[in-house]
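Next comes input32.tsv, a file with TSV, C-alpha atoms.
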chain	number	residue	atom	x	y	z
A	13	MET	CA	52.60	-8.99	-34.16
A	14	ILE	CA	53.24	-5.72	-32.34
A	15	TRP	CA	50.86	-3.61	-34.42
A	16	GLU	CA	47.93	-5.82	-33.45
A	17	GLU	CA	48.58	-5.03	-29.80
A	18	LEU	CA	48.88	-1.29	-30.22
A	19	ILE	CA	45.87	0.66	-29.02
A	20	GLU	CA	45.21	4.35	-29.33
A	21	PRO	CA	44.92	5.05	-25.58
A	22	LEU	CA	48.53	3.86	-25.21
A	23	ILE	CA	49.94	6.13	-27.90
A	24	ALA	CA	50.81	9.76	-27.27
A	25	ILE	CA	51.81	12.10	-30.08
A	26	ASP	CA	53.32	15.55	-29.70
A	27	LEU	CA	53.85	14.85	-26.02
A	28	ASP	CA	55.15	17.83	-24.11
A	29	ALA	CA	57.62	16.49	-21.56
A	30	GLU	CA	60.38	18.32	-19.71
A	31	SER	CA	62.53	15.48	-18.41
A	32	TYR	CA	62.75	11.73	-18.54
A	33	GLU	CA	60.95	11.58	-15.20
A	34	ASP	CA	58.14	13.56	-16.79
A	35	VAL	CA	58.12	11.12	-19.73
A	36	MET	CA	57.80	8.19	-17.32
A	37	GLU	CA	54.92	9.82	-15.49
A	38	GLN	CA	53.01	10.74	-18.61
A	39	ILE	CA	53.49	7.58	-20.69
A	40	GLY	CA	53.60	5.31	-17.66
A	41	GLY	CA	50.39	7.02	-16.61
A	42	LEU	CA	48.70	5.75	-19.78
A	43	LEU	CA	49.63	2.15	-18.93
A	44	ILE	CA	48.37	2.60	-15.37
A	45	ARG	CA	45.12	4.22	-16.53
A	46	GLU	CA	44.43	1.39	-18.98
A	47	GLY	CA	45.07	-1.23	-16.30
A	48	TYR	CA	48.23	-2.68	-17.82
A	49	THR	CA	50.38	-1.74	-14.87
A	50	LYS	CA	50.04	-1.06	-11.18
A	51	ALA	CA	50.12	2.38	-9.57
A	52	SER	CA	53.70	1.66	-8.48
A	53	TYR	CA	54.84	1.34	-12.11
A	54	THR	CA	55.91	4.93	-12.78
A	55	GLU	CA	58.00	5.25	-9.67
A	56	ALA	CA	59.63	1.87	-10.37
A	57	LEU	CA	60.40	2.98	-13.95
A	58	ILE	CA	62.16	6.10	-12.75
A	59	ALA	CA	64.16	4.22	-10.10
A	60	ARG	CA	65.24	1.61	-12.63
A	61	GLU	CA	66.11	4.18	-15.27
A	62	LYS	CA	68.45	5.86	-12.78
A	63	GLU	CA	70.33	2.63	-12.19
A	64	PHE	CA	69.98	0.98	-15.58
A	65	PRO	CA	69.30	3.61	-18.25
A	66	THR	CA	67.46	2.68	-21.45
A	67	GLY	CA	68.40	5.42	-23.93
A	68	LEU	CA	69.67	4.24	-27.31
A	69	ASP	CA	71.44	6.13	-30.06
A	70	VAL	CA	70.29	4.43	-33.24
A	71	ASP	CA	72.61	5.90	-35.80
A	72	GLY	CA	71.79	9.43	-34.70
A	73	VAL	CA	68.15	8.91	-33.73
A	74	GLY	CA	67.47	8.88	-29.99
A	75	VAL	CA	65.13	6.18	-28.68
A	76	ALA	CA	64.35	5.01	-25.16
A	77	ILE	CA	62.80	1.70	-24.10
A	78	PRO	CA	61.89	2.18	-20.42
A	79	HIS	CA	60.70	-0.92	-18.60
A	80	THR	CA	60.79	-2.28	-15.10
A	81	ASP	CA	60.28	-5.30	-12.92
A	82	VAL	CA	57.40	-7.63	-13.74
A	83	SER	CA	56.01	-7.20	-10.22
A	84	HIS	CA	54.61	-3.78	-11.25
A	85	VAL	CA	52.84	-5.13	-14.34
A	86	ASN	CA	49.34	-6.64	-14.68
A	87	LYS	CA	49.40	-7.55	-18.36
A	88	ALA	CA	51.83	-7.20	-21.23
A	89	GLY	CA	51.60	-4.11	-23.40
A	90	ILE	CA	53.47	-1.37	-25.19
A	91	ALA	CA	52.96	2.36	-24.93
A	92	ILE	CA	54.48	4.67	-27.51
A	93	GLY	CA	55.30	8.33	-27.06
A	94	ILE	CA	56.51	10.80	-29.66
A	95	LEU	CA	57.88	13.81	-27.83
A	96	ARG	CA	57.43	17.37	-29.07
A	97	ASN	CA	60.90	18.31	-27.88
A	98	PRO	CA	63.86	16.02	-27.20
A	99	VAL	CA	64.44	14.88	-23.63
A	100	THR	CA	67.83	13.80	-22.32
A	101	PHE	CA	68.22	10.12	-21.41
A	102	ILE	CA	71.38	8.29	-20.36
A	103	GLN	CA	72.46	5.65	-22.86
A	104	MET	CA	72.00	2.02	-21.98
A	105	GLY	CA	75.23	0.38	-20.92
A	106	THR	CA	76.78	3.68	-19.78
A	107	ASP	CA	76.82	5.88	-16.69
A	108	ASP	CA	77.01	9.29	-18.23
A	109	GLU	CA	76.69	9.23	-22.02
A	110	THR	CA	73.53	11.08	-22.94
A	111	VAL	CA	71.21	10.83	-25.89
A	112	GLU	CA	68.46	13.23	-26.93
A	113	VAL	CA	65.27	11.21	-27.22
A	114	ARG	CA	62.03	11.94	-29.04
A	115	LEU	CA	60.81	8.35	-29.46
A	116	VAL	CA	59.79	6.30	-26.45
A	117	PHE	CA	58.71	2.67	-26.53
A	118	MET	CA	57.60	1.82	-23.02
A	119	LEU	CA	57.33	-1.87	-22.31
A	120	ALA	CA	55.09	-3.60	-19.81
A	121	VAL	CA	56.59	-7.07	-19.61
A	122	VAL	CA	55.06	-9.96	-17.68
A	123	ASN	CA	56.97	-13.06	-18.70
A	124	PRO	CA	59.94	-12.19	-20.93
A	125	ASN	CA	60.58	-15.71	-22.15
A	126	GLU	CA	57.01	-16.07	-23.38
A	127	HIS	CA	57.35	-12.81	-25.28
A	128	ILE	CA	60.75	-13.30	-26.84
A	129	ASP	CA	59.27	-12.99	-30.33
A	130	GLN	CA	57.53	-9.72	-29.42
A	131	LEU	CA	60.65	-8.33	-27.78
A	132	GLN	CA	62.70	-9.18	-30.86
A	133	ARG	CA	60.15	-7.47	-33.07
A	134	ILE	CA	60.34	-4.32	-30.99
A	135	ILE	CA	64.13	-4.37	-31.22
A	136	ALA	CA	63.93	-4.88	-35.00
A	137	ILE	CA	61.61	-1.87	-35.27
A	138	ILE	CA	63.90	0.25	-33.09
A	139	GLN	CA	66.98	-0.70	-35.12
A	140	ASP	CA	65.43	0.55	-38.36
A	141	LYS	CA	66.34	4.22	-38.75
A	142	ASP	CA	63.92	4.70	-41.66
A	143	VAL	CA	61.04	3.50	-39.52
A	144	LEU	CA	62.12	5.80	-36.69
A	145	ASN	CA	62.28	8.81	-39.01
A	146	LYS	CA	58.80	8.01	-40.32
A	147	LEU	CA	57.46	7.72	-36.77
A	148	LEU	CA	58.89	11.14	-35.91
A	149	LYS	CA	56.76	12.72	-38.63
A	150	VAL	CA	53.36	11.21	-37.83
A	151	LYS	CA	50.30	13.34	-37.27
A	152	ASP	CA	47.90	10.78	-35.82
A	153	THR	CA	48.06	7.57	-33.85
A	154	ASN	CA	46.76	5.40	-36.68
A	155	GLN	CA	49.79	6.29	-38.77
A	156	ILE	CA	52.02	4.84	-36.08
A	157	ILE	CA	50.18	1.55	-36.17
A	158	GLU	CA	50.36	1.52	-39.99
A	159	ILE	CA	54.11	2.21	-40.06
A	160	ILE	CA	54.79	-0.59	-37.59
A	161	LYS	CA	52.46	-2.93	-39.48
A	162	GLU	CA	54.38	-2.25	-42.71
A	163	LYS	CA	57.70	-2.87	-40.96
A	164	GLU	CA	56.47	-6.13	-39.46
A	165	LYS	CA	55.56	-7.45	-42.90
A	166	THR	CA	59.28	-7.49	-43.63
A	167	LEU	CA	60.27	-9.37	-40.46
B	13	MET	CA	82.18	-29.56	-23.27
B	14	LYS	CA	79.20	-27.51	-22.24
B	15	LYS	CA	79.87	-23.78	-21.88
B	16	LYS	CA	78.08	-21.69	-19.27
B	17	VAL	CA	77.22	-18.15	-20.26
B	18	ILE	CA	75.67	-15.65	-17.87
B	19	VAL	CA	73.51	-13.08	-19.66
B	20	ALA	CA	72.57	-10.27	-17.32
B	21	CYS	CA	70.84	-6.91	-17.30
B	22	GLY	CA	69.27	-4.67	-14.70
B	23	GLY	CA	66.07	-6.59	-14.18
B	24	ALA	CA	66.40	-9.73	-16.33
B	25	VAL	CA	63.30	-8.45	-18.13
B	26	ALA	CA	63.83	-7.24	-21.66
B	27	THR	CA	67.33	-6.63	-22.88
B	28	SER	CA	68.95	-9.74	-21.40
B	29	THR	CA	66.15	-11.82	-22.92
B	30	ILE	CA	67.06	-10.46	-26.34
B	31	ALA	CA	70.79	-10.91	-25.76
B	32	ALA	CA	70.36	-14.43	-24.35
B	33	ASN	CA	68.39	-15.47	-27.41
B	34	LYS	CA	71.10	-14.09	-29.70
B	35	VAL	CA	73.80	-16.00	-27.82
B	36	VAL	CA	71.78	-19.22	-28.08
B	37	GLU	CA	71.32	-18.75	-31.84
B	38	LEU	CA	75.00	-17.95	-32.31
B	39	CYS	CA	76.09	-21.05	-30.39
B	40	LYS	CA	73.67	-23.25	-32.29
B	41	LYS	CA	75.08	-22.03	-35.60
B	42	ASN	CA	78.60	-22.78	-34.40
B	43	ASP	CA	77.93	-26.15	-32.77
B	44	ILE	CA	78.72	-24.90	-29.28
B	45	ASN	CA	76.92	-26.64	-26.47
B	46	VAL	CA	75.80	-23.82	-24.20
B	47	GLU	CA	73.93	-23.33	-20.97
B	48	ILE	CA	72.47	-19.85	-20.57
B	49	CYS	CA	71.93	-18.34	-17.17
B	50	GLN	CA	69.74	-15.26	-17.59
B	51	ILE	CA	69.79	-13.16	-14.45
B	52	ARG	CA	70.04	-9.69	-12.97
B	53	ILE	CA	73.41	-7.96	-12.65
B	54	SER	CA	73.07	-8.24	-8.87
B	55	GLU	CA	72.82	-12.04	-9.15
B	56	ILE	CA	76.02	-12.55	-11.17
B	57	GLU	CA	78.25	-13.24	-8.21
B	58	SER	CA	76.20	-16.11	-6.79
B	59	ASN	CA	75.96	-17.74	-10.23
B	60	LEU	CA	79.67	-17.49	-11.06
B	61	PRO	CA	80.91	-21.04	-10.47
B	62	GLY	CA	81.62	-22.75	-13.78
B	63	THR	CA	80.92	-19.64	-15.85
B	64	ASP	CA	82.91	-19.26	-19.09
B	65	LEU	CA	81.56	-15.90	-20.21
B	66	ILE	CA	79.41	-13.02	-18.99
B	67	VAL	CA	77.38	-10.94	-21.45
B	68	THR	CA	75.67	-7.84	-20.06
B	69	THR	CA	73.53	-5.06	-21.45
B	70	SER	CA	74.29	-2.78	-18.51
B	71	LYS	CA	77.50	-1.27	-17.34
B	72	VAL	CA	79.44	-3.49	-14.96
B	73	LYS	CA	82.37	-2.01	-13.08
B	74	ARG	CA	83.43	-5.13	-11.22
B	75	ASP	CA	85.91	-7.69	-12.45
B	76	TYR	CA	84.44	-11.15	-11.87
B	77	GLY	CA	87.55	-12.92	-13.13
B	78	VAL	CA	85.55	-14.20	-16.10
B	79	PRO	CA	85.60	-12.70	-19.62
B	80	LEU	CA	82.89	-10.05	-19.92
B	81	ILE	CA	81.47	-8.81	-23.20
B	82	THR	CA	78.85	-6.10	-23.68
B	83	GLY	CA	75.70	-7.32	-25.38
B	84	MET	CA	74.58	-3.78	-26.22
B	85	PRO	CA	75.09	-4.30	-29.98
B	86	PHE	CA	72.29	-6.90	-29.88
B	87	ILE	CA	69.98	-4.09	-28.74
B	88	SER	CA	71.26	-1.17	-30.78
B	89	GLY	CA	72.06	-3.22	-33.88
B	90	VAL	CA	75.42	-1.49	-34.19
B	91	GLY	CA	78.52	-3.74	-34.15
B	92	VAL	CA	76.75	-7.10	-33.91
B	93	GLU	CA	79.31	-9.01	-35.99
B	94	LYS	CA	82.23	-7.83	-33.90
B	95	THR	CA	80.43	-8.83	-30.71
B	96	GLU	CA	79.55	-12.25	-32.11
B	97	ALA	CA	83.18	-12.80	-33.10
B	98	ALA	CA	84.33	-11.83	-29.59
B	99	ILE	CA	81.83	-14.24	-28.00
B	100	LEU	CA	82.93	-17.09	-30.28
B	101	LYS	CA	86.57	-16.40	-29.51
B	102	VAL	CA	85.94	-16.86	-25.79
B	103	LEU	CA	83.73	-19.93	-26.15
B	104	LYS	CA	85.88	-21.70	-28.71
B	105	GLY	CA	89.24	-20.67	-27.27

Rendering of file as structure tokens:
Amino acid sequence: MIWEELIEPLIAIDLDAESYEDVMEQIGGLLIREGYTKASYTEALIAREKEFPTGLDVDGVGVAIPHTDVSHVNKAGIAIGILRNPVTFIQMGTDDETVEVRLVFMLAVVNPNEHIDQLQRIIAIIQDKDVLNKLLKVKDTNQIIEIIKEKEKTL
Amino acid sequence: MKKKVIVACGGAVATSTIAANKVVELCKKNDINVEICQIRISEIESNLPGTDLIVTTSKVKRDYGVPLITGMPFISGVGVEKTEAAILKVLKG
């Protein structure tokens, strides 16, 4: 279950970020601080985002799922950021189509094939527009965990 | 006959894992014997021999001479059925 792995130090609400690079530094910084990823993680995220963007337009709601090579990761985890103002990301699978993002699910992946169930759960959460809209309205980190817990009961 | 499908993304970390799993499930449901090769975009060329289909979740500009289908719908959830139909058409055709 995803909600069982979510911890408050890896969740940022009302995050004030100016660009996607800023998002990477701030949310990636949480993963580094908590020991999930190496110091090289943030820079690797930005480099990878430039080449292989991770923005998604989920039926009008902008979401990004930044992640990078396993060599920058110590242990698997997820950091979540709800941005105060939208930040422009490039859409996955495109060069130049943009999407305005306020929801960021940052993944620290160690061994993808061992975590296929977790990855699929994250995708199921991201594909649910109702869940995304609820997440955009939260006031504290516990609410995020509760919303994801409720969603996972249906999976 | 066994079909070889390359599933590739930028780092072979997250999105290609999801897409690869979807292709495996789809083939199982349709009695297609499939071998999945989950790799990075940059590794496609060296894994080409014998490949029937390439599914990617990143933009690929090159023509590898093998049918290429975007696996993005498996991530965004939009247009999954159409993508599955396109994959089946290549693998059954």

Item to check | Sphere at (54.3, 2.6, -11.8), radius 12 Å, counting only C-alpha atoms: residues as a PyMOL selection string | outcome: chain A and resi 33+36-45+47-60+78-86+118-120

Taking C-alpha atoms for each residue, export the selection above as a short mmCIF file (atom, residue, chain, number, x, y, z; two decimals), keeping the file's coordinate frame.
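Heads up, here's the output in again39.cif:
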data_model
loop_
_atom_site.label_atom_id
_atom_site.label_comp_id
_atom_site.auth_asym_id
_atom_site.auth_seq_id
_atom_site.Cartn_x
_atom_site.Cartn_y
_atom_site.Cartn_z
CA GLU A 33 60.95 11.58 -15.20
CA MET A 36 57.80 8.19 -17.32
CA GLU A 37 54.92 9.82 -15.49
CA GLN A 38 53.01 10.74 -18.61
CA ILE A 39 53.49 7.58 -20.69
CA GLY A 40 53.60 5.31 -17.66
CA GLY A 41 50.39 7.02 -16.61
CA LEU A 42 48.70 5.75 -19.78
CA LEU A 43 49.63 2.15 -18.93
CA ILE A 44 48.37 2.60 -15.37
CA ARG A 45 45.12 4.22 -16.53
CA GLY A 47 45.07 -1.23 -16.30
CA TYR A 48 48.23 -2.68 -17.82
CA THR A 49 50.38 -1.74 -14.87
CA LYS A 50 50.04 -1.06 -11.18
CA ALA A 51 50.12 2.38 -9.57
CA SER A 52 53.70 1.66 -8.48
CA TYR A 53 54.84 1.34 -12.11
CA THR A 54 55.91 4.93 -12.78
CA GLU A 55 58.00 5.25 -9.67
CA ALA A 56 59.63 1.87 -10.37
CA LEU A 57 60.40 2.98 -13.95
CA ILE A 58 62.16 6.10 -12.75
CA ALA A 59 64.16 4.22 -10.10
CA ARG A 60 65.24 1.61 -12.63
CA PRO A 78 61.89 2.18 -20.42
CA HIS A 79 60.70 -0.92 -18.60
CA THR A 80 60.79 -2.28 -15.10
CA ASP A 81 60.28 -5.30 -12.92
CA VAL A 82 57.40 -7.63 -13.74
CA SER A 83 56.01 -7.20 -10.22
CA HIS A 84 54.61 -3.78 -11.25
CA VAL A 85 52.84 -5.13 -14.34
CA ASN A 86 49.34 -6.64 -14.68
CA MET A 118 57.60 1.82 -23.02
CA LEU A 119 57.33 -1.87 -22.31
CA ALA A 120 55.09 -3.60 -19.81
#

Checklist entry - Can you list, as a PyMOL selection string, every protein, DNA or RNA residue that comes within 7 Å of region 92-104 of chain B when you count only C-alpha atoms, leaving out same-chain residues fewer than 4 positions away? => result chain B and resi 15+85-86

Checklist entry - If we count all atoms listed in the file, what is near Thr82 (chain B) at a cut-off of 6 Å, once residues fewer than 3 positions away on the same chain are taken out, given as a PyMOL selection string? => result chain B and resi 67-69

Item to check | All residues 8 Å or closer to Ser70 (chain B), all atoms listed in the file, same chain fewer than 3 positions away omitted, as a PyMOL selection string | outcome: (chain A and resi 64+104-106) or (chain B and resi 20-22+53+82+84)

Item to check | d(CA of Leu27 (chain A), CA of Asn154 (chain A)) in Å | outcome: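 The value is 15.9 Å.
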
Checklist entry - Restricting the calculation to all atoms listed in the file, which member of B:Lys14, B:Lys71, B:Val19, B:Glu47 is positioned closest to Ala31 (chain B)? => result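 Of B:Lys14, B:Lys71, B:Val19, B:Glu47, the one nearest Ala31 (chain B), counting all atoms listed in the file, is B:Val19.
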
Checklist entry - Using all atoms listed in the file, which residue out of B:Pro79, B:Gly62, B:Gly105, B:Gly23 lies closest to chain A? => result B:Gly23

Please, what is the axis-aligned box for every listed atom of region 126-143 of chain A with 8 Å on each side, as centre and edge lengths in Å to one decimal, as AutoDock Vina command-line options?
--center_x 62.0 --center_y -5.7 --center_z -32.5 --size_x 26.0 --size_y 36.8 --size_z 34.3

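Using all atoms listed in the file, the protein and nucleic acid residues lying no more than 10 Å from Asn125 (chain A), apart from those fewer than 2 places from it along its own chain, are A:Val121, A:Val122, A:Asn123, A:His127, A:Ile128, A:Asp129, A:Gln130, A:Leu131, B:Val25, B:Ala26, B:Thr29, B:Ile30, B:Asn33.
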
Those selected residues, please, written with C-alpha atoms and delivered as a PDB file, keeping the file's coordinate frame.
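That gives us out_25.pdb:
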ATOM      1  CA  VAL A 121      56.590  -7.070 -19.610  1.00  0.00           C
ATOM      2  CA  VAL A 122      55.060  -9.960 -17.680  1.00  0.00           C
ATOM      3  CA  ASN A 123      56.970 -13.060 -18.700  1.00  0.00           C
ATOM      4  CA  HIS A 127      57.350 -12.810 -25.280  1.00  0.00           C
ATOM      5  CA  ILE A 128      60.750 -13.300 -26.840  1.00  0.00           C
ATOM      6  CA  ASP A 129      59.270 -12.990 -30.330  1.00  0.00           C
ATOM      7  CA  GLN A 130      57.530  -9.720 -29.420  1.00  0.00           C
ATOM      8  CA  LEU A 131      60.650  -8.330 -27.780  1.00  0.00           C
TER       9      LEU A 131
ATOM     10  CA  VAL B  25      63.300  -8.450 -18.130  1.00  0.00           C
ATOM     11  CA  ALA B  26      63.830  -7.240 -21.660  1.00  0.00           C
ATOM     12  CA  THR B  29      66.150 -11.820 -22.920  1.00  0.00           C
ATOM     13  CA  ILE B  30      67.060 -10.460 -26.340  1.00  0.00           C
ATOM     14  CA  ASN B  33      68.390 -15.470 -27.410  1.00  0.00           C
TER      15      ASN B  33
END

Is there a way to complete region 18-42 of chain B with N, CA, C and O atoms and then write that out as a compact mmCIF listing (two decimals), keeping the file's coordinate frame?
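Written out: part.txt:
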# COMPACT_ATOMS: atom_id res chain seq x y z
N ILE B 18 76.60 -16.49 -18.62
CA ILE B 18 75.67 -15.65 -17.87
C ILE B 18 75.28 -14.47 -18.77
O ILE B 18 76.14 -13.81 -19.34
N VAL B 19 73.98 -14.26 -18.93
CA VAL B 19 73.51 -13.08 -19.66
C VAL B 19 72.71 -12.25 -18.67
O VAL B 19 71.70 -12.72 -18.13
N ALA B 20 73.18 -11.04 -18.39
CA ALA B 20 72.57 -10.27 -17.32
C ALA B 20 72.23 -8.84 -17.74
O ALA B 20 72.92 -8.25 -18.56
N CYS B 21 71.15 -8.33 -17.16
CA CYS B 21 70.84 -6.91 -17.30
C CYS B 21 70.26 -6.43 -15.98
O CYS B 21 70.28 -7.15 -14.99
N GLY B 22 69.73 -5.24 -15.96
CA GLY B 22 69.27 -4.67 -14.70
C GLY B 22 68.18 -5.49 -14.03
O GLY B 22 68.22 -5.74 -12.84
N GLY B 23 67.20 -5.91 -14.79
CA GLY B 23 66.07 -6.59 -14.18
C GLY B 23 65.76 -7.95 -14.76
O GLY B 23 64.77 -8.56 -14.40
N ALA B 24 66.63 -8.45 -15.65
CA ALA B 24 66.40 -9.73 -16.33
C ALA B 24 65.03 -9.73 -17.01
O ALA B 24 64.32 -10.73 -17.04
N VAL B 25 64.62 -8.57 -17.53
CA VAL B 25 63.30 -8.45 -18.13
C VAL B 25 63.37 -8.44 -19.65
O VAL B 25 62.95 -9.39 -20.31
N ALA B 26 63.93 -7.39 -20.21
CA ALA B 26 63.83 -7.24 -21.66
C ALA B 26 65.15 -7.44 -22.38
O ALA B 26 65.27 -8.36 -23.20
N THR B 27 66.13 -6.62 -22.04
CA THR B 27 67.33 -6.63 -22.88
C THR B 27 68.14 -7.92 -22.74
O THR B 27 68.69 -8.41 -23.71
N SER B 28 68.19 -8.49 -21.53
CA SER B 28 68.95 -9.74 -21.40
C SER B 28 68.22 -10.89 -22.08
O SER B 28 68.84 -11.85 -22.51
N THR B 29 66.91 -10.78 -22.20
CA THR B 29 66.15 -11.82 -22.92
C THR B 29 66.54 -11.81 -24.39
O THR B 29 66.77 -12.87 -25.00
N ILE B 30 66.64 -10.61 -24.95
CA ILE B 30 67.06 -10.46 -26.34
C ILE B 30 68.49 -10.98 -26.52
O ILE B 30 68.77 -11.79 -27.41
N ALA B 31 69.39 -10.53 -25.65
CA ALA B 31 70.79 -10.91 -25.76
C ALA B 31 70.97 -12.41 -25.57
O ALA B 31 71.73 -13.05 -26.30
N ALA B 32 70.25 -12.98 -24.61
CA ALA B 32 70.36 -14.43 -24.35
C ALA B 32 69.94 -15.22 -25.59
O ALA B 32 70.60 -16.19 -25.98
N ASN B 33 68.87 -14.78 -26.21
CA ASN B 33 68.39 -15.47 -27.41
C ASN B 33 69.42 -15.40 -28.55
O ASN B 33 69.63 -16.37 -29.27
N LYS B 34 70.07 -14.25 -28.66
CA LYS B 34 71.10 -14.09 -29.70
C LYS B 34 72.29 -15.02 -29.43
O LYS B 34 72.86 -15.59 -30.36
N VAL B 35 72.67 -15.14 -28.16
CA VAL B 35 73.80 -16.00 -27.82
C VAL B 35 73.45 -17.47 -28.11
O VAL B 35 74.25 -18.21 -28.67
N VAL B 36 72.23 -17.84 -27.80
CA VAL B 36 71.78 -19.22 -28.08
C VAL B 36 71.84 -19.50 -29.58
O VAL B 36 72.37 -20.53 -30.02
N GLU B 37 71.32 -18.58 -30.38
CA GLU B 37 71.32 -18.75 -31.84
C GLU B 37 72.75 -18.85 -32.38
O GLU B 37 73.06 -19.69 -33.21
N LEU B 38 73.61 -17.97 -31.86
CA LEU B 38 75.00 -17.95 -32.31
C LEU B 38 75.69 -19.28 -32.00
O LEU B 38 76.42 -19.83 -32.83
N CYS B 39 75.45 -19.80 -30.80
CA CYS B 39 76.09 -21.05 -30.39
C CYS B 39 75.56 -22.23 -31.21
O CYS B 39 76.31 -23.13 -31.58
N LYS B 40 74.28 -22.19 -31.49
CA LYS B 40 73.67 -23.25 -32.29
C LYS B 40 74.33 -23.30 -33.67
O LYS B 40 74.70 -24.36 -34.16
N LYS B 41 74.48 -22.13 -34.27
CA LYS B 41 75.08 -22.03 -35.60
C LYS B 41 76.51 -22.55 -35.61
O LYS B 41 77.02 -23.01 -36.62
N ASN B 42 77.18 -22.43 -34.47
CA ASN B 42 78.60 -22.78 -34.40
C ASN B 42 78.87 -24.06 -33.63
O ASN B 42 80.00 -24.32 -33.21
